[in-house]
Structures are given as C-alpha cells and as structure tokens.
$ cat entry_16.cif   # mmCIF, C-alpha atoms
data_final
loop_
_atom_site.label_atom_id
_atom_site.label_comp_id
_atom_site.auth_asym_id
_atom_site.auth_seq_id
_atom_site.Cartn_x
_atom_site.Cartn_y
_atom_site.Cartn_z
CA MET A 878 94.72 30.15 57.42
CA ALA A 879 91.22 31.25 58.32
CA LYS A 880 89.69 34.10 56.39
CA SER A 881 88.93 36.12 59.50
CA ALA A 882 92.54 35.79 60.64
CA THR A 883 93.87 37.27 57.40
CA MET A 884 91.52 40.28 57.33
CA THR A 885 93.00 43.61 58.22
CA ARG A 886 91.59 45.73 60.99
CA ASP A 887 89.79 47.98 58.44
CA GLU A 888 88.02 45.02 56.82
CA GLN A 889 86.62 43.96 60.18
CA GLY A 890 85.46 47.45 61.12
CA LEU A 891 81.91 48.22 62.11
CA GLY A 892 81.28 50.41 59.08
CA ASN A 893 82.30 47.69 56.64
CA ARG A 894 80.21 45.10 58.44
CA LEU A 895 77.21 47.41 58.31
CA MET A 896 77.75 47.93 54.59
CA GLN A 897 77.84 44.15 54.01
CA PHE A 898 74.72 43.47 56.09
CA PRO A 899 72.10 43.88 53.31
CA GLY A 900 74.04 41.65 50.92
CA ARG A 901 74.70 39.01 53.55
CA THR A 902 71.03 39.07 54.57
CA LYS A 903 69.94 38.66 50.96
CA ASN A 904 72.31 35.69 50.51
CA PHE A 905 71.04 34.12 53.72
CA LEU A 906 67.39 34.44 52.73
CA SER A 907 68.19 33.08 49.27
CA ASP A 908 69.86 30.06 50.86
CA VAL A 909 66.85 29.56 53.14
CA ARG A 910 64.50 29.64 50.15
CA ASN A 911 66.64 27.10 48.27
CA GLU A 912 66.72 24.75 51.25
CA MET A 913 62.96 25.05 51.80
CA ARG A 914 62.42 23.94 48.21
CA LYS A 915 64.22 20.69 49.07
CA VAL A 916 61.97 19.97 52.05
CA THR A 917 59.30 17.32 51.62
CA PHE A 918 56.35 17.54 53.94
CA PRO A 919 54.44 14.42 55.05
CA ARG A 920 51.03 13.65 53.61
CA ARG A 921 47.92 13.87 55.76
CA LYS A 922 47.68 10.08 55.99
CA GLU A 923 51.25 9.83 57.32
CA VAL A 924 50.60 12.53 59.93
CA GLN A 925 47.43 10.79 61.11
CA ALA A 926 49.22 7.44 61.37
CA THR A 927 52.16 8.77 63.36
CA THR A 928 49.81 10.80 65.58
CA MET A 929 47.86 7.65 66.43
CA VAL A 930 51.10 5.83 67.26
CA VAL A 931 52.08 8.65 69.62
CA ILE A 932 48.67 8.76 71.31
CA ILE A 933 48.56 4.99 71.82
CA THR A 934 52.13 4.94 73.12
CA VAL A 935 51.40 7.74 75.61
CA ILE A 936 48.31 5.91 76.88
CA ILE A 937 50.24 2.64 77.31
CA PHE A 938 53.12 4.32 79.12
CA GLY A 939 50.67 6.27 81.29
CA MET A 940 48.94 3.07 82.38
CA TYR A 941 52.30 1.36 82.97
CA PHE A 942 53.60 4.19 85.17
CA PHE A 943 50.28 4.34 87.05
CA VAL A 944 50.53 0.65 87.91
CA ILE A 945 54.20 0.95 88.91
CA ASP A 946 53.45 4.05 91.03
CA GLN A 947 50.60 2.30 92.80
CA ALA A 948 52.76 -0.77 93.47
CA ILE A 949 55.66 1.26 94.84
CA GLY A 950 53.29 3.43 96.89
CA SER A 951 51.63 0.35 98.39
CA GLY A 952 55.01 -1.19 99.15
CA VAL A 953 56.29 1.93 100.88
CA SER A 954 53.04 2.26 102.88
CA TRP A 955 53.24 -1.38 103.95
CA VAL A 956 56.87 -0.97 105.05
CA LEU A 957 56.09 2.22 107.00
CA HIS A 958 53.05 0.74 108.77
CA HIS A 959 54.69 -2.61 109.59
CA SER A 960 58.04 -1.30 110.75
CA LYS A 961 56.87 -0.35 114.27
#

$ encode --input "entry_16.cif" --output "structure tokens"
Amino acid sequence: MAKSATMTRDEQGLGNRLMQFPGRTKNFLSDVRNEMRKVTFPRRKEVQATTMVVIITVIIFGMYFFVIDQAIGSGVSWVLHHSK
C-alpha cells in the first residue's frame, strides 16, 4: 500500500508538512549536488564539432527548402495563370 495512503490525517496536515520542508529541501539539494557530480560536460573541441555540424545542416536544409518553395510557388503561379 502506498505510503501516502497509510498516513493519518494528522501526518498529512499543513503544520507537519511545513515542519518537514527544511529537511526535505536539504535532502533535495543534496541529491542535486550528488547528481551534478556524475555529469560529464563535453570538451571545447566536441562542442565546436557538433556546432559546425548543426550550422552546416541548417544551411543545407535552408537551401533545400528554398528550392522546394520556389518550385512549388512557380508551379502554383503557372497553374493560376494558365487556368483561364
């Protein structure tokens, strides 16, 4: 059975929750600190490499969508002008 389901009404009261707040906050911040110690951050060289990949990919997709947009726009214009 869940812990919250077995608590009495007094244990769930506002006063008790307020009393537990500093301890719960301290535990939370301690857990955050422990997890941050496990984090590995990328090296500068890795960041530069992945940034270049993103920039090149954005440029390629931008050119692709420009060409497709121009082709569709020309096709729609042709259909509208020749449908009279």

$ atom_distance --input "entry_16.cif" --atom1 "atom CA of Lys915 of chain A" --atom2 "atom CA of Phe898 of chain A"
26.0 Å

$ atom_distance --input "entry_16.cif" --atom1 "atom CA of Phe938 of chain A" --atom2 "atom CA of Val924 of chain A"
21.0 Å

$ axis_aligned_box --input "entry_16.cif" --around "segment 928-932 of chain A" --padding-each-side "5 Å" --output "AutoDock Vina command-line options"
--center_x 50.0 --center_y 8.3 --center_z 68.4 --size_x 14.2 --size_y 15.0 --size_z 15.7

$ atom_distance --input "entry_16.cif" --atom1 "atom CA of Arg894 of chain A" --atom2 "atom CA of Ser907 of chain A"
19.3 Å
